[in-house]
Amino acid sequence: MKVAVIGAGFAGLAAAVDLQERRHQVTLLERRGVLGGRATSYRDAVSGEDVDNGTHLMVGAYAATFDLLRRAGAEDLLIFQDDLHIDYVDDRGWSALDCPPLAAPLHLLAGLLSLRLPWAVRWQALRLWMAVRFGKPPLGMTLAEYLRRNGQGPDARRLLWDPLATAILNETPERAAAVLFYNVYREAFLTRRDASRLVFLRRGYAELHERVARYFQHRGGVLRRRALAETIPIEGGRVCGVRYLQRAETRDEIRQGRSCPRRCAPSLPSPASPDSGDRPSSRSRCGSTASWSTGPWPGCATPRWSGSSTRDRSTAVRGRRSISRSS
């Protein structure tokens, strides 16, 4: 099957690699020249050091992520804590969440005792622990609403939950889905002691994503940088391709101002017959891989479509979700 994945953030890279390892023909489209989406890094021009574009955090519970990095040969970039330890600093000085080597969740409870927090905040943290441990998943609400419903005051949010949510979910509690935080909390703090330890990188996140991308390409995957997905045509209730604008990728191309072709990423309907007009027939859903082209669109190059024998199956993946239908 031919599949197009839109977005080369961590989720897009993971989806592309997983599909490619299952022997699908995958094209990965990224609108920027760098990979990683909202969790990437850049090389500082003065110091030469890698600088992350924000506060990003991984914890030991990310088993699927670490398995992907192991397969991609990027495991050497990871640094695991022995036990969960987080330093805090405020107007009164330094404090630390230092969890001893106890079984979960006792290690977290003991760690909270060592952290210099108001007793009201500690009780609120215990209340949230009870809600996550025994409550139902908070579907359909933001993390801010979930914290408010479980009695987490401004101090608890400022000292504990807002920094943790921003680092793990890469989003503010007012916008983050509560169920994502709920799932991470359960996996990280309530299952195994080593699941809660923090994981750091020896290099920036950009190097991590480049390692995964090289693994993907080495196995035959196609990566298109600076490819801006514009539309996902749907015919008869089925996705039939991805139209994208391929912008200049290299510095020479950018300086020369080359025209940017608009093409269609690998898609699933069969090509139209020569007498069927400028668009593929909605009835032609099965057939061998081929391509066809219409006349040039105004101000751009020729669009192309590709087909594949799929028996009415079509798939489009965008970031974290996929659309898949079968007859």
# chains A, B, ... in the order shown; residues from 1 in each chain; ligands from 1
$ residues_around --residues "region 110-113 of chain A" --least-positions-apart "6" --cutoff "10 Å" --atoms "only C-alpha atoms" --output "list in words"
Leu84, His85, Ile86, Ala96, Leu97, Asp98, Cys99, Pro100, Pro101, Leu102, Trp119, Arg122, Ala125 and Leu126 of chain A
$ residues_around --residues "Ile232 (chain A)" --least-positions-apart "4" --cutoff "9 Å" --atoms "only C-alpha atoms" --output "list of chain:residue names"
A:Val239, A:Cys240, A:Gly241, A:Val242, A:Arg243, A:Tyr244, A:Ala316
$ select_by_dssp --residues "region 103-237 of chain A" --states "strand (DSSP E)" --output "list in words"
Leu198, Val199, Phe200, Leu201, Val222, Leu223, Arg224, Arg225, Ala227, Leu228, Ala229, Glu230, Thr231, Ile234 and Glu235 of chain A
$ atom_distance --atom1 "CA of Thr191 (chain A)" --atom2 "CA of Tyr62 (chain A)"
12.4 Å
$ closest_atom_pairs --of "region 58-87 of chain A" --to "region 194-215 of chain A" --cutoff "8 Å" --atoms "only C-alpha atoms" --output "tab-separated table"
residue	atom	partner	partner_atom	distance
A:Met58	CA	A:Val199	CA	5.2
A:Val59	CA	A:Leu198	CA	4.5
A:Gly60	CA	A:Ala195	CA	4.1
A:Ala61	CA	A:Ala195	CA	4.2
A:Tyr62	CA	A:Ala195	CA	7.8
A:Leu69	CA	A:Val212	CA	7.0
A:Ala72	CA	A:Val212	CA	5.3
A:Gly73	CA	A:Arg211	CA	7.1
A:Ala74	CA	A:Arg211	CA	6.1
A:Leu77	CA	A:Arg202	CA	5.1
A:Leu78	CA	A:Leu201	CA	4.9
A:Ile79	CA	A:Phe200	CA	5.0
A:Phe80	CA	A:Val199	CA	4.7
A:Gln81	CA	A:Arg197	CA	5.5
A:Asp82	CA	A:Arg197	CA	6.9
A:Asp83	CA	A:Arg197	CA	5.3
A:Leu84	CA	A:Arg197	CA	4.2
A:His85	CA	A:Arg197	CA	7.3
$ atom_distance --atom1 "CA of Gly37 (chain A)" --atom2 "CA of Ala167 (chain A)"
14.8 Å
$ residues_around --residues "Asn53 (chain A)" --least-positions-apart "4" --cutoff "7 Å" --atoms "only C-alpha atoms" --output "list of chain:residue names"
A:Ala39, A:Thr40, A:Ser41
$ closest_residue --among "A:Val184, A:Val17, A:Val51, A:Leu190" --to "Leu109 (chain A)" --atoms "only C-alpha atoms"
A:Leu190
$ closest_residue --among "A:Gln25, A:Gln124, A:Gln246, A:Asn183" --to "Arg225 (chain A)" --atoms "only C-alpha atoms"
A:Gln246
$ atom_distance --atom1 "CA of Leu164 (chain A)" --atom2 "CA of Phe181 (chain A)"
9.3 Å
